[in-house]
file final05.pdb (PDB, C-alpha atoms, pLDDT in the B column)
ATOM      1  CA  MET A  54      -4.776   1.364  20.679  1.00 88.00           C
ATOM      2  CA  ILE A  55      -2.891   1.591  17.359  1.00 98.00           C
ATOM      3  CA  GLU A  56      -0.466   4.368  16.474  1.00 98.00           C
ATOM      4  CA  LEU A  57      -0.252   4.477  12.673  1.00 98.00           C
ATOM      5  CA  TYR A  58       2.750   6.152  11.085  1.00 98.00           C
ATOM      6  CA  TYR A  59       1.242   7.125   7.757  1.00 97.00           C
ATOM      7  CA  TRP A  60       1.411   9.134   4.584  1.00 95.00           C
ATOM      8  CA  PRO A  61      -1.301   8.952   1.869  1.00 95.00           C
ATOM      9  CA  THR A  62       0.422   6.566  -0.522  1.00 95.00           C
ATOM     10  CA  PRO A  63      -0.873   3.172  -1.692  1.00 97.00           C
ATOM     11  CA  ASN A  64       1.010   1.433   1.108  1.00 97.00           C
ATOM     12  CA  GLY A  65      -0.340   3.869   3.672  1.00 97.00           C
ATOM     13  CA  HIS A  66      -3.900   3.397   2.425  1.00 98.00           C
ATOM     14  CA  LYS A  67      -3.657  -0.372   2.901  1.00 98.00           C
ATOM     15  CA  ILE A  68      -3.508   0.063   6.660  1.00 98.00           C
ATOM     16  CA  THR A  69      -6.263   2.646   7.006  1.00 98.00           C
ATOM     17  CA  LEU A  70      -8.482   0.340   4.937  1.00 98.00           C
ATOM     18  CA  LEU A  71      -8.019  -2.472   7.452  1.00 98.00           C
ATOM     19  CA  LEU A  72      -8.268  -0.273  10.526  1.00 98.00           C
ATOM     20  CA  GLU A  73     -11.519   1.240   9.303  1.00 98.00           C
ATOM     21  CA  GLU A  74     -12.985  -2.119   8.323  1.00 98.00           C
ATOM     22  CA  ALA A  75     -12.021  -3.714  11.646  1.00 98.00           C
ATOM     23  CA  GLY A  76     -13.224  -0.800  13.760  1.00 96.00           C
ATOM     24  CA  LEU A  77      -9.958  -0.603  15.684  1.00 96.00           C
ATOM     25  CA  GLY A  78      -9.170   2.598  17.502  1.00 96.00           C
ATOM     26  CA  TYR A  79      -6.163   4.326  16.008  1.00 98.00           C
ATOM     27  CA  VAL A  80      -4.391   7.634  15.791  1.00 97.00           C
ATOM     28  CA  ILE A  81      -2.469   8.805  12.739  1.00 97.00           C
ATOM     29  CA  LYS A  82       1.096  10.016  13.173  1.00 97.00           C
ATOM     30  CA  PRO A  83       1.958  11.703   9.854  1.00 96.00           C
ATOM     31  CA  VAL A  84       5.318  10.893   8.286  1.00 95.00           C
ATOM     32  CA  ASP A  85       5.925  13.444   5.525  1.00 92.00           C
ATOM     33  CA  ILE A  86       8.139  11.410   3.223  1.00 88.00           C
ATOM     34  CA  SER A  87       8.864  14.368   0.926  1.00 84.00           C
ATOM     35  CA  ALA A  88      10.334  16.228   3.918  1.00 86.00           C
ATOM     36  CA  GLY A  89      12.462  13.269   4.969  1.00 87.00           C
ATOM     37  CA  GLU A  90      10.601  12.564   8.199  1.00 90.00           C
ATOM     38  CA  GLN A  91      11.024   8.823   7.580  1.00 90.00           C
ATOM     39  CA  PHE A  92      14.709   9.270   8.443  1.00 90.00           C
ATOM     40  CA  ARG A  93      14.138  10.643  11.938  1.00 93.00           C
ATOM     41  CA  PRO A  94      16.017   8.556  14.516  1.00 94.00           C
ATOM     42  CA  ASP A  95      12.877   7.959  16.584  1.00 95.00           C
ATOM     43  CA  PHE A  96      11.098   6.544  13.530  1.00 95.00           C
ATOM     44  CA  LEU A  97      14.076   4.465  12.414  1.00 94.00           C
ATOM     45  CA  ALA A  98      14.125   2.864  15.843  1.00 95.00           C
ATOM     46  CA  PHE A  99      11.098   0.766  14.875  1.00 95.00           C
ATOM     47  CA  SER A 100      10.996   1.123  11.080  1.00 96.00           C
ATOM     48  CA  PRO A 101      14.578   0.211  10.090  1.00 96.00           C
ATOM     49  CA  ASN A 102      13.901   0.353   6.343  1.00 94.00           C
ATOM     50  CA  ASN A 103      13.027   4.064   6.739  1.00 91.00           C
ATOM     51  CA  ARG A 104       9.675   3.522   5.053  1.00 93.00           C
ATOM     52  CA  MET A 105       6.170   4.079   6.213  1.00 96.00           C
ATOM     53  CA  PRO A 106       3.688   2.693   7.123  1.00 98.00           C
ATOM     54  CA  ALA A 107       4.584   1.342  10.518  1.00 98.00           C
ATOM     55  CA  ILE A 108       2.485   0.818  13.621  1.00 98.00           C
ATOM     56  CA  ILE A 109       2.824   0.655  17.370  1.00 98.00           C
ATOM     57  CA  ASP A 110       0.236  -1.543  19.048  1.00 98.00           C
ATOM     58  CA  THR A 111      -0.030  -0.096  22.545  1.00 97.00           C
ATOM     59  CA  ALA A 112      -2.353  -2.882  23.727  1.00 96.00           C
ATOM     60  CA  PRO A 113      -1.042  -6.139  22.240  1.00 97.00           C
ATOM     61  CA  ALA A 114      -2.912  -9.395  22.705  1.00 94.00           C
ATOM     62  CA  ASP A 115      -0.302 -10.797  25.091  1.00 95.00           C
ATOM     63  CA  GLY A 116      -0.719  -7.882  27.482  1.00 96.00           C
ATOM     64  CA  GLY A 117       2.979  -7.062  27.328  1.00 97.00           C
ATOM     65  CA  GLU A 118       4.966  -4.069  26.174  1.00 97.00           C
ATOM     66  CA  PRO A 119       3.847  -2.239  23.001  1.00 98.00           C
ATOM     67  CA  ILE A 120       4.607  -4.078  19.770  1.00 98.00           C
ATOM     68  CA  THR A 121       6.018  -2.311  16.717  1.00 98.00           C
ATOM     69  CA  VAL A 122       5.493  -3.603  13.184  1.00 98.00           C
ATOM     70  CA  PHE A 123       6.980  -2.298   9.934  1.00 98.00           C
ATOM     71  CA  GLU A 124       6.272  -3.294   6.294  1.00 98.00           C
ATOM     72  CA  SER A 125       2.704  -2.983   5.060  1.00 98.00           C
ATOM     73  CA  GLY A 126       2.181  -6.691   4.368  1.00 98.00           C
ATOM     74  CA  ALA A 127       3.400  -7.644   7.830  1.00 98.00           C
ATOM     75  CA  ILE A 128       1.121  -5.001   9.359  1.00 98.00           C
ATOM     76  CA  LEU A 129      -1.898  -6.370   7.493  1.00 98.00           C
ATOM     77  CA  LEU A 130      -1.148  -9.878   8.711  1.00 98.00           C
ATOM     78  CA  TYR A 131      -0.554  -8.708  12.281  1.00 98.00           C
ATOM     79  CA  LEU A 132      -3.778  -6.720  12.473  1.00 98.00           C
ATOM     80  CA  ALA A 133      -5.832  -9.456  10.805  1.00 98.00           C
ATOM     81  CA  GLU A 134      -4.561 -11.944  13.362  1.00 97.00           C
ATOM     82  CA  LYS A 135      -5.111  -9.500  16.225  1.00 97.00           C
ATOM     83  CA  THR A 136      -8.723  -8.859  15.266  1.00 97.00           C
ATOM     84  CA  GLY A 137      -9.581 -12.308  13.920  1.00 97.00           C
ATOM     85  CA  GLN A 138     -10.918 -10.672  10.751  1.00 98.00           C
ATOM     86  CA  PHE A 139     -10.149 -10.669   7.025  1.00 98.00           C
ATOM     87  CA  LEU A 140      -7.903 -13.737   7.181  1.00 98.00           C
ATOM     88  CA  PRO A 141      -9.434 -17.229   7.076  1.00 98.00           C
ATOM     89  CA  ASP A 142      -8.851 -19.683   9.894  1.00 96.00           C
ATOM     90  CA  ASP A 143      -8.680 -22.758   7.671  1.00 97.00           C
ATOM     91  CA  VAL A 144      -5.379 -23.846   6.163  1.00 98.00           C
ATOM     92  CA  ARG A 145      -6.436 -23.599   2.523  1.00 98.00           C
ATOM     93  CA  GLY A 146      -8.175 -20.267   2.840  1.00 98.00           C
ATOM     94  CA  ARG A 147      -5.282 -18.715   4.737  1.00 98.00           C
ATOM     95  CA  LYS A 148      -2.850 -20.091   2.161  1.00 98.00           C
ATOM     96  CA  THR A 149      -4.776 -18.418  -0.657  1.00 98.00           C
ATOM     97  CA  VAL A 150      -4.963 -15.056   1.058  1.00 98.00           C
ATOM     98  CA  THR A 151      -1.263 -15.031   1.897  1.00 98.00           C
ATOM     99  CA  GLU A 152      -0.355 -16.061  -1.665  1.00 98.00           C
ATOM    100  CA  TRP A 153      -2.127 -13.032  -3.085  1.00 98.00           C
ATOM    101  CA  LEU A 154      -0.868 -10.742  -0.348  1.00 98.00           C
ATOM    102  CA  PHE A 155       2.699 -11.734  -1.221  1.00 98.00           C
ATOM    103  CA  TRP A 156       1.874 -11.407  -4.938  1.00 98.00           C
ATOM    104  CA  GLN A 157       1.008  -7.790  -4.317  1.00 98.00           C
ATOM    105  CA  MET A 158       4.064  -7.185  -2.163  1.00 98.00           C
ATOM    106  CA  GLY A 159       6.451  -8.785  -4.643  1.00 98.00           C
ATOM    107  CA  GLY A 160       4.783  -7.921  -7.941  1.00 98.00           C
ATOM    108  CA  LEU A 161       1.953  -5.425  -8.264  1.00 98.00           C
ATOM    109  CA  GLY A 162       3.343  -2.908  -5.776  1.00 97.00           C
ATOM    110  CA  PRO A 163       6.974  -2.813  -6.944  1.00 97.00           C
ATOM    111  CA  MET A 164       6.120  -2.860 -10.657  1.00 97.00           C
ATOM    112  CA  ALA A 165       3.415  -0.202 -10.378  1.00 97.00           C
ATOM    113  CA  GLY A 166       5.806   1.807  -8.221  1.00 96.00           C
ATOM    114  CA  GLN A 167       8.449   1.736 -10.952  1.00 96.00           C
ATOM    115  CA  ASN A 168       5.706   2.670 -13.412  1.00 97.00           C
ATOM    116  CA  HIS A 169       4.947   5.752 -11.283  1.00 94.00           C
ATOM    117  CA  HIS A 170       8.625   6.620 -10.934  1.00 93.00           C
ATOM    118  CA  PHE A 171       9.680   6.491 -14.560  1.00 95.00           C
ATOM    119  CA  GLY A 172       6.408   7.876 -15.912  1.00 94.00           C
ATOM    120  CA  THR A 173       5.902  10.697 -13.410  1.00 90.00           C
ATOM    121  CA  TYR A 174       8.917  11.456 -11.232  1.00 87.00           C
ATOM    122  CA  ALA A 175      12.051  10.654 -13.210  1.00 89.00           C
ATOM    123  CA  PRO A 176      13.685  13.865 -14.461  1.00 87.00           C
ATOM    124  CA  ASP A 177      14.678  12.121 -17.702  1.00 91.00           C
ATOM    125  CA  LYS A 178      11.931  10.266 -19.545  1.00 93.00           C
ATOM    126  CA  ILE A 179      13.447   6.976 -20.662  1.00 96.00           C
ATOM    127  CA  PRO A 180      11.138   5.340 -23.232  1.00 97.00           C
ATOM    128  CA  TYR A 181      12.432   1.820 -22.592  1.00 97.00           C
ATOM    129  CA  ALA A 182      11.846   2.082 -18.827  1.00 97.00           C
ATOM    130  CA  ILE A 183       8.385   3.597 -19.237  1.00 97.00           C
ATOM    131  CA  THR A 184       7.316   0.940 -21.743  1.00 97.00           C
ATOM    132  CA  ARG A 185       8.790  -1.840 -19.631  1.00 98.00           C
ATOM    133  CA  TYR A 186       6.864  -0.951 -16.486  1.00 98.00           C
ATOM    134  CA  VAL A 187       3.642   0.073 -18.210  1.00 98.00           C
ATOM    135  CA  ASN A 188       3.604  -3.309 -19.949  1.00 98.00           C
ATOM    136  CA  GLU A 189       4.448  -5.236 -16.786  1.00 98.00           C
ATOM    137  CA  THR A 190       1.727  -3.373 -14.878  1.00 98.00           C
ATOM    138  CA  ASN A 191      -0.659  -4.310 -17.671  1.00 98.00           C
ATOM    139  CA  ARG A 192       0.352  -7.964 -17.390  1.00 98.00           C
ATOM    140  CA  LEU A 193      -0.266  -7.933 -13.655  1.00 98.00           C
ATOM    141  CA  TYR A 194      -3.670  -6.314 -14.136  1.00 98.00           C
ATOM    142  CA  GLY A 195      -4.421  -9.230 -16.441  1.00 98.00           C
ATOM    143  CA  VAL A 196      -3.373 -11.742 -13.790  1.00 98.00           C
ATOM    144  CA  LEU A 197      -5.703 -10.121 -11.273  1.00 98.00           C
ATOM    145  CA  ASP A 198      -8.530  -9.853 -13.792  1.00 98.00           C
ATOM    146  CA  ARG A 199      -8.342 -13.572 -14.516  1.00 98.00           C
ATOM    147  CA  ARG A 200      -8.228 -14.369 -10.828  1.00 98.00           C
ATOM    148  CA  LEU A 201     -11.411 -12.367 -10.220  1.00 98.00           C
ATOM    149  CA  ALA A 202     -13.398 -14.175 -12.913  1.00 98.00           C
ATOM    150  CA  GLY A 203     -16.340 -15.785 -11.116  1.00 97.00           C
ATOM    151  CA  ARG A 204     -15.206 -14.482  -7.703  1.00 98.00           C
ATOM    152  CA  ASN A 205     -16.449 -11.532  -5.676  1.00 98.00           C
ATOM    153  CA  PHE A 206     -13.030 -10.985  -4.135  1.00 98.00           C
ATOM    154  CA  ILE A 207      -9.493 -12.196  -4.684  1.00 98.00           C
ATOM    155  CA  ALA A 208      -9.693 -15.135  -2.283  1.00 98.00           C
ATOM    156  CA  GLY A 209     -13.331 -16.010  -3.017  1.00 97.00           C
ATOM    157  CA  ASP A 210     -16.575 -14.804  -1.491  1.00 97.00           C
ATOM    158  CA  ASN A 211     -15.102 -12.829   1.391  1.00 98.00           C
ATOM    159  CA  TYR A 212     -13.246  -9.527   1.526  1.00 98.00           C
ATOM    160  CA  THR A 213      -9.734 -10.080   2.942  1.00 98.00           C
ATOM    161  CA  ILE A 214      -6.391  -8.415   3.445  1.00 98.00           C
ATOM    162  CA  ALA A 215      -5.442  -9.591  -0.053  1.00 98.00           C
ATOM    163  CA  ASP A 216      -8.026  -7.189  -1.463  1.00 98.00           C
ATOM    164  CA  MET A 217      -6.918  -4.410   0.875  1.00 98.00           C
ATOM    165  CA  ALA A 218      -3.326  -4.863  -0.262  1.00 98.00           C
ATOM    166  CA  CYS A 219      -4.138  -4.733  -3.974  1.00 98.00           C
ATOM    167  CA  TYR A 220      -6.867  -2.100  -4.175  1.00 98.00           C
ATOM    168  CA  PRO A 221      -4.718   0.981  -3.385  1.00 98.00           C
ATOM    169  CA  TRP A 222      -2.320   0.047  -6.164  1.00 98.00           C
ATOM    170  CA  ILE A 223      -5.193   0.024  -8.680  1.00 98.00           C
ATOM    171  CA  VAL A 224      -6.560   3.427  -7.594  1.00 98.00           C
ATOM    172  CA  PRO A 225      -3.908   5.328  -9.637  1.00 97.00           C
ATOM    173  CA  HIS A 226      -4.628   3.268 -12.775  1.00 98.00           C
ATOM    174  CA  GLU A 227      -4.744   6.314 -15.018  1.00 97.00           C
ATOM    175  CA  ARG A 228      -1.280   7.403 -13.904  1.00 95.00           C
ATOM    176  CA  GLN A 229      -0.141   3.840 -14.636  1.00 97.00           C
ATOM    177  CA  GLN A 230      -1.521   4.208 -18.193  1.00 97.00           C
ATOM    178  CA  GLN A 231      -4.042   1.413 -17.660  1.00 98.00           C
ATOM    179  CA  ASN A 232      -7.647   1.334 -18.848  1.00 98.00           C
ATOM    180  CA  LEU A 233      -9.914  -0.486 -16.394  1.00 98.00           C
ATOM    181  CA  ALA A 234     -12.425  -1.097 -19.187  1.00 98.00           C
ATOM    182  CA  ASP A 235      -9.920  -3.605 -20.587  1.00 98.00           C
ATOM    183  CA  PHE A 236     -10.278  -5.653 -17.386  1.00 98.00           C
ATOM    184  CA  PRO A 237     -13.992  -6.210 -16.681  1.00 98.00           C
ATOM    185  CA  ASN A 238     -13.581  -8.499 -13.657  1.00 98.00           C
ATOM    186  CA  LEU A 239     -11.020  -6.197 -12.103  1.00 98.00           C
ATOM    187  CA  SER A 240     -13.209  -3.176 -12.813  1.00 98.00           C
ATOM    188  CA  ARG A 241     -16.245  -4.753 -11.114  1.00 98.00           C
ATOM    189  CA  TRP A 242     -14.148  -5.645  -8.054  1.00 98.00           C
ATOM    190  CA  PHE A 243     -12.580  -2.183  -7.960  1.00 98.00           C
ATOM    191  CA  GLU A 244     -15.941  -0.387  -8.004  1.00 98.00           C
ATOM    192  CA  ALA A 245     -17.336  -2.658  -5.286  1.00 98.00           C
ATOM    193  CA  ILE A 246     -14.450  -1.860  -2.939  1.00 98.00           C
ATOM    194  CA  ALA A 247     -14.530   1.847  -3.758  1.00 98.00           C
ATOM    195  CA  GLN A 248     -18.137   2.019  -2.554  1.00 98.00           C
ATOM    196  CA  ARG A 249     -17.511   0.383   0.830  1.00 98.00           C
ATOM    197  CA  PRO A 250     -18.054   2.886   3.673  1.00 98.00           C
ATOM    198  CA  ALA A 251     -14.732   1.918   5.271  1.00 98.00           C
ATOM    199  CA  THR A 252     -12.918   2.633   1.999  1.00 98.00           C
ATOM    200  CA  ILE A 253     -14.482   6.072   1.808  1.00 98.00           C
ATOM    201  CA  ARG A 254     -13.484   6.808   5.403  1.00 98.00           C
ATOM    202  CA  ALA A 255      -9.949   5.512   4.856  1.00 98.00           C
ATOM    203  CA  TYR A 256      -9.339   7.665   1.810  1.00 97.00           C
ATOM    204  CA  ALA A 257     -10.820  10.731   3.494  1.00 97.00           C
ATOM    205  CA  HIS A 258      -7.658  10.867   5.614  1.00 94.00           C
ATOM    206  CA  ALA A 259      -5.717  11.863   2.512  1.00 90.00           C
ATOM    207  CA  ASP A 260      -7.654  15.146   2.414  1.00 89.00           C
ATOM    208  CA  ASP A 261      -5.708  16.309   5.470  1.00 84.00           C
ATOM    209  CA  TYR A 262      -2.487  16.334   3.465  1.00 83.00           C
ATOM    210  CA  LYS A 263      -3.562  17.622   0.046  1.00 69.00           C
ATOM    211  CA  SER A 264      -2.343  21.118   0.853  1.00 56.00           C
ATOM    212  CA  ARG A 265       1.244  19.909   1.276  1.00 58.00           C
ATOM    213  CA  PRO A 266       3.607  21.010  -1.519  1.00 52.00           C
ATOM    214  CA  THR A 267       4.050  18.788  -4.549  1.00 54.00           C
ATOM    215  CA  ILE A 268       7.414  17.214  -5.206  1.00 57.00           C
ATOM    216  CA  THR A 269      10.353  19.613  -5.422  1.00 58.00           C
ATOM    217  CA  GLU A 270      13.996  19.151  -6.341  1.00 59.00           C
ATOM    218  CA  GLU A 271      14.852  18.866  -2.656  1.00 58.00           C
ATOM    219  CA  SER A 272      12.161  16.286  -1.977  1.00 50.00           C
ATOM    220  CA  ARG A 273      13.216  14.399  -5.124  1.00 52.00           C
ATOM    221  CA  LYS A 274      16.680  14.006  -3.599  1.00 55.00           C
ATOM    222  CA  ILE A 275      15.168  12.790  -0.331  1.00 53.00           C
ATOM    223  CA  LEU A 276      12.828  10.294  -1.968  1.00 54.00           C
ATOM    224  CA  PHE A 277      15.010   8.954  -4.755  1.00 55.00           C
ATOM    225  CA  GLY A 278      18.616   9.778  -3.928  1.00 60.00           C
ATOM    226  CA  GLN A 279      19.261   7.825  -0.755  1.00 64.00           C
ATOM    227  CA  THR A 280      22.175   5.451  -0.284  1.00 64.00           C
ATOM    228  CA  ALA A 281      23.243   3.417   2.742  1.00 67.00           C
ATOM    229  CA  GLY A 282      25.667   6.180   3.691  1.00 64.00           C
ATOM    230  CA  SER A 283      23.192   9.010   3.400  1.00 60.00           C
ATOM    231  CA  VAL A 284      20.579   7.167   5.436  1.00 54.00           C
ATOM    232  CA  ALA A 285      23.101   6.449   8.193  1.00 54.00           C
ATOM    233  CA  GLN A 286      24.179  10.092   8.253  1.00 50.00           C
ATOM    234  CA  GLY A 287      20.552  11.248   8.493  1.00 52.00           C
ATOM    235  CA  ALA A 288      19.947   8.943  11.445  1.00 46.00           C
ATOM    236  CA  GLN A 289      22.767  10.474  13.496  1.00 43.00           C
TER     237      GLN A 289
END
call {"tool": "encode", "arguments": {"input": "final05.pdb", "output": "structure tokens"}}
result
Amino acid sequence: MIELYYWPTPNGHKITLLLEEAGLGYVIKPVDISAGEQFRPDFLAFSPNNRMPAIIDTAPADGGEPITVFESGAILLYLAEKTGQFLPDDVRGRKTVTEWLFWQMGGLGPMAGQNHHFGTYAPDKIPYAITRYVNETNRLYGVLDRRLAGRNFIAGDNYTIADMACYPWIVPHERQQQNLADFPNLSRWFEAIAQRPATIRAYAHADDYKSRPTITEESRKILFGQTAGSVAQGAQ
């Protein structure tokens, strides 16, 4: 039913978390981002930002032609609405979930991503940049920790797409130079999600790609050296 264009990154894991929780049938179509497969013309046709994940729903609710969706937050919303799960029906509950989903998309993900880049991938270690993004990641961990005080999950008692969006960005906390022991509410939440059977199944997909080569100079150029012109040339 769902074709998932995937690579085992935090954004890719978001979608396998939801698919496993919802019990939707899906097939993974690997997109090796270090090899530049995200720039293939057939992929760009439905993922114009040349980023995975993206999906094709071959059996949409309206019974029409297959529907394509790009951007991980939009995919989470689409699949939650399709299945009627992990997104409240009431106005206030839905508002809360979407607030925290957008918080992840606009804050936790981009800032932790810059943390990863300057701390791990940048060829020149720039102390200011590393400190800036480590500190901002720490601040965002604090925001989430305070939100989880007295709550089982981000939006309240129920597990939602807000949790699925945030969890994969906390998994690499050590690489982000964060100590979960400093955030007791966040740590409790993190361990509870890690133990869910669907989480274990979702992350097992990453095992299929662990043998792929680590980042090389060529893949560094592909991942971090793109401009509008180079992307257009690759799509030809």
call {"tool": "atom_distance", "arguments": {"input": "final05.pdb", "atom1": "CA of His66 (chain A)", "atom2": "CA of Arg228 (chain A)"}}
result
17.0 Å
call {"tool": "residues_around", "arguments": {"input": "final05.pdb", "residues": "region 162-179 of chain A", "least_positions_apart": "5", "cutoff": "8 Å", "atoms": "all atoms listed in the file", "output": "list in words"}}
result
Gln157, Tyr186, Val187, Glu189, Thr190, Cys219, Trp222, Arg228 and Gln229 of chain A
call {"tool": "closest_residue", "arguments": {"input": "final05.pdb", "among": "A:Asp210, A:Asp216, A:Glu56, A:Asp142", "to": "Leu154 (chain A)", "atoms": "all atoms listed in the file"}}
result
A:Asp216
call {"tool": "atom_distance", "arguments": {"input": "final05.pdb", "atom1": "CA of Ala251 (chain A)", "atom2": "CA of Ala112 (chain A)"}}
result
22.7 Å
call {"tool": "residues_around", "arguments": {"input": "final05.pdb", "residues": "Asp85 (chain A)", "least_positions_apart": "2", "cutoff": "10 Å", "atoms": "all atoms listed in the file", "output": "ChimeraX atom specification"}}
result
/A:58-61,82-83,87-91,105,262,265
